[in-house]
Amino acid sequence: MAPAATAVSPAAPTHEMANLSVGSSGAPKGTAKRDALCAAELDVQALWEREKAFECDPADRREKFIVTFPYPYSNGHLHLGHAFSLTKAVFRAQFERNRGKNSLFPFAFHCTGMPIQAAANKLKSEIELYGTPPQFPEEDPDVRAKMEADIAAAAKAKADKAAASGAKAKGGKTKLVQKTGTGIVRQWNILKRMVPEEEIPQFADPVHWLMYFPPIGVEHMKRFGSGVDWRRAFITTSVNGYYDAFIRWQFNVLREKGKVLFGKRNNVYSIVDGQVCADHDRSEGEGVGPQEYVLIKLKVLAPTHGQERHGKMEKLLKKVEEEGKKGVFLVPATLRPETMYGQTNCFVLPTGEYGAYYVDATDEVFIMSARSARGLSCQAYDAANDVYFTKEFGKITQLEAFSGDELLGLPLSAPNATYEKVYTLPLLTISMGKGTGVVTSVPSDAPDDHVALKALKDKPDFAAKYGITPDMVDPFEVVPIISIEGYGDASAVFMCEKLGITSFNDKAKLAQAKDETYLKGFTSGVMTYGPHAGKKVSDAKPLIKDEMIAAGQAHLYFEPESRVVSRTNDECVVASTDQWYLAYGEESWCSAVKDHVLDGEKFNAYDTASLEKYDATLDWLKEWACTRQFGLGTFLPWDTQWVIESLSDSTIYMAYYTIAHYLQGENNLNGDESKSPANIKVEDLTDGVFNYIYRKGFPLPEGSGVPSETLTKMRDEFRYWYPMDLRVSAKDLIPNHLTMALYNHAAIWDDEPELWPRGYYTNGHIMVDAQKMSKSKGNFLMMLETINNYSADATRFACADAGDTLDDANFERGTANAAIISLTNEAAWIKEILTETDNSTLRTGDEMNFMDKVLQNETNRLVKATEDCFEAMQFREGLQKGWFEMMIAKNQYKSWCQDGGIAIHEGVVRKWAESLIILICPICPHWSETLWRDLGKEGLAVRAPWPVAGEEDKLLTRQAKFLRDSLKSFRTAAGKAKKGWKTATLLVADDYPQWKIDALLWMQSQYDGASGSFPETFMKDLKGWATGNAGGKKQVKLTMQFVSFVKREVDDVGEMGMDIRCPFDQTAILNESLAYIKSQLDLKELSVGRVDDPELAVPERTSQNVSPGKPVLWMR
């Protein structure tokens, strides 16, 4: 743990700032537009700095909005994954700013825990071993060749061994062979990609990381245009005395409220690190917790078959007997102790490596894998009396080593089994990386066991290959022990027969069978054997487990649910250790949080899937080890041998943002007291000070070194900004940080639930061009690199377009490139029309033609639609409305005017352009700011109000759609016209044929105007009505097609979609747009006519396709 340091100056990352230039050497060819955007962005960012555009204070008492984002871990540069999730917060903060709210987006950098400490330790070790700069052995071609040869030989030996056992060999490659470059991951080489090589040795000190990377993170965030109030920024750990004091206060309050407890608990643990390994301390296995198993003790009996391979076991049994020990046991780990009545044998992996380990607590010898023995040595045999399985924590004595083959054919006494003696048999699918490598066999209820035992019975040659004699398998029949309705009393046999499973190579079917039988067995099964016959399995299971443990037939055993590797590359175990822990899951605490989260009036999860994940997490998240014995962080205030871990010092820091600018201020991430804006000393931040600021009913602390006026300002500012309106994060933080933050807010402010978080938004991870980001694929993009390649706004544009759901989003580099062109071209057009064109060539005044009104109406519609999307955190859809559909509306207007020889209306286009600038401002603020100034607008675009939108004229929207859809159908018809056809008429109809009128009248009778909807049974009712009224199958089909079409129209435009007559003058619209349509269709002559005009003599095959609102192009 690094000592506290409060006056360390941050390193000046001058070399990094060079990368902020607009002409990256790795940029694609033809970058003039991109470079121009980047240059404009730098100008805009300088403007924002001067104007303090994003600094927020509560002085004007405007409605506030505070959005936060989990501070990134500061052991390197920010990448595109950070940028993508970050945009959700950045977009929403700017949107609320444009809506006139006092919108605060603060930011900080997380340095707590093991990642930095482990990296520093690794670098120090590399320097000590290989020098400065290090000369790694794999860089020598001869040494590398030998290493690769050794690896290949080891892989071949492993494959040969697997092949000999009949198992399918897996790829034996290692990182050295698989990876490019040096292959072996070296900390020096990682840093070399980010840091000048001459500076790397300084990173052997973990504190140097804290001084180096966070300031660079600030610069990269600024270059992204993140809109942060940087006065409130900080780093964590005891290096920052201000934040350190805040965390100490938080934990003192949690202890005061009985939320922090002490005792032995089973946690994922690194033996190498000597401490609990929480999510952020892991390089693999985030979110994995302890899994409880039951070790079943199958006593090894004296071998009776005279097999030579049992020689070592015979010697071990003799030795154990002579020394007075209690026996030798194979110890399979099971999740289903209630099924032990059905044991017929025990399985081991023939090629597996096992050991005989002495267990001090029971004076017995356990046969198990080395991996599981290592875990067992860290666990309590009797936690209440502080008795562990072994005398020395983390160490266990191995008496003998066995191959799986040497264990085959051993006779065993299995507890609770109906058979007096069972045998050890081969199973080729056992994983030595899970459980103990020993598997008990219950073929009645375990499909894998049934298939494996049956194979040995049905295939004598296969059994003989492993030295298994008929008497070891033939007498052992399935023992029914559990009855499941619909599955009988041997569910595994039933499922194998049902699915046609004949081999353990049918892995998919076996997995299906296993899942189904295990679930049904627990939820619906009834015990039919043993003292608990007649009880439901779910009730009998805990009773049987406790009875077996009490009888000495079994023990509890824990291991991680899946593989966990620490930052120091140690495969973790589960250990029972003395530990300070947070009592998550405690009934009243959990209930309070759940009530808050599930109340839509109090909490917005933005997505039902996310809400379900919070609900599920609250059901399973229990006691959490909140301290470590070394690493970076804050010392536990009442027991300083412990350091608060990284998921526990990051739960209410959002409240610290509200006062950080009094304590630290800008350019003071590490909390240098000499730079404190309010001249506050760390030593003056007592619990009394924080209680006054943050908690209701606490008085001003007497004799405080902080002036009472300053304390009152800080308290008032906290009360102004809280509760937090929105927190944005990737979805993987739901099972830990996000839920823990809810718990901690509910504890600290248990008497003020109105201060608990109001909303969490979570998104999926980011892919690049539909592939997972990966260095080996060349698509792992750093944030600054992406900005330099595409500009900040084009990057943000592509992030907005990537997606908003919990599913993984897709950042398309093609979209970013297209955004460069689109942003540049639209800005040029707007400036050309509104600042460079002679006003005499533009129309002005109140007189509006049809298309002027359409563009105005589309602008109104899209302003409201974009606002609704952004408020719902649907930025992709908002981009569609606020950019793409705005472009479509403008382009149609531009073409209509140009093709018709009509001047553009200056006021209409200005309203559209100024609306567009603000609509896109949350996503592309630099572009908006630049154009805002170019148009001569006052103030800043990022502070400009959201456009005022008039009420959408839905009839006009329908008219615009009429013209758009009609032109589309005209193009199709023109494309099919025969060569030489020159006469063209747009045919219109004012009335429907009677059968359509009847259908429309029926629809009107079904429509509920109050709710704006049809009944749920509408389509079913339609079929019945059409069958009874339309007459004939063909007419019924036509009627249903017509009604389905009109229903979609009603969904779009409302009740008017069912009008019997077209509610607008089609002929007038088409005539006013005739020049435009002629130009679009490349026709020299075109007229508009009524379909029933006798002079036109329209053929029936053409006229029948014309209906109100659906004109037809008739060419001949």
# chains A, B, ... in the order shown; residues from 1 in each chain; ligands from 1
call {"tool": "residues_around", "arguments": {"residues": "A:Lys459", "least_positions_apart": "5", "cutoff": "12 Å", "atoms": "only C-alpha atoms", "output": "PyMOL selection string"}}
result
chain A and resi 451-454+464-466+468-470+473-474+503
call {"tool": "closest_atom_pairs", "arguments": {"of": "stretch 247-328 of chain A", "to": "stretch 413-430 of chain A", "cutoff": "7 Å", "atoms": "only C-alpha atoms", "output": "JSON lines"}}
result
{"residue": "A:Leu298", "atom": "CA", "partner": "A:Ala414", "partner_atom": "CA", "distance": 4.7}
{"residue": "A:Lys299", "atom": "CA", "partner": "A:Ser413", "partner_atom": "CA", "distance": 5.1}
{"residue": "A:Val300", "atom": "CA", "partner": "A:Ser413", "partner_atom": "CA", "distance": 6.6}
{"residue": "A:Leu301", "atom": "CA", "partner": "A:Ser413", "partner_atom": "CA", "distance": 6.9}
call {"tool": "write_last_selection", "arguments": {"atoms": "N, CA and C atoms", "output": "compact mmCIF listing (two decimals), in the first residue's frame"}}
result
# COMPACT_ATOMS: atom_id res chain seq x y z
N LEU A 298 -16.08 -41.36 -0.22
CA LEU A 298 -16.17 -42.78 -0.61
C LEU A 298 -14.90 -43.47 -0.12
N LYS A 299 -15.06 -44.31 0.86
CA LYS A 299 -13.90 -44.94 1.49
C LYS A 299 -13.31 -46.01 0.58
N VAL A 300 -11.99 -45.97 0.40
CA VAL A 300 -11.30 -46.96 -0.43
C VAL A 300 -11.13 -48.25 0.38
N LEU A 301 -11.63 -49.36 -0.19
CA LEU A 301 -11.49 -50.68 0.45
C LEU A 301 -10.26 -51.38 -0.14
call {"tool": "select_by_dssp", "arguments": {"residues": "stretch 267-452 of chain A", "states": "strand (DSSP E)", "output": "number ranges by chain"}}
result
A: 267-270, 275-276, 282-284, 290-296, 298-300, 328-330, 333-334, 345-348, 353-359, 364-368, 380-382, 387-388, 397-403, 411-413, 422-426, 438-441
call {"tool": "atom_distance", "arguments": {"atom1": "atom CA of A:Asn1105", "atom2": "atom CA of A:Pro993"}}
result
11.0 Å
call {"tool": "atom_distance", "arguments": {"atom1": "atom CA of A:Glu929", "atom2": "atom CA of A:Arg62"}}
result
23.0 Å
call {"tool": "closest_residue", "arguments": {"among": "A:Gly764, A:Pro133, A:Gly705, A:Gly375", "to": "A:Asn266", "atoms": "only C-alpha atoms"}}
result
A:Gly375
call {"tool": "closest_residue", "arguments": {"among": "A:Gly631, A:Pro1108, A:Gly665, A:Pro560", "to": "A:Ala233", "atoms": "only C-alpha atoms"}}
result
A:Gly665
call {"tool": "closest_residue", "arguments": {"among": "A:Leu967, A:Leu636, A:Leu935, A:Met848", "to": "A:Val908", "atoms": "only C-alpha atoms"}}
result
A:Met848
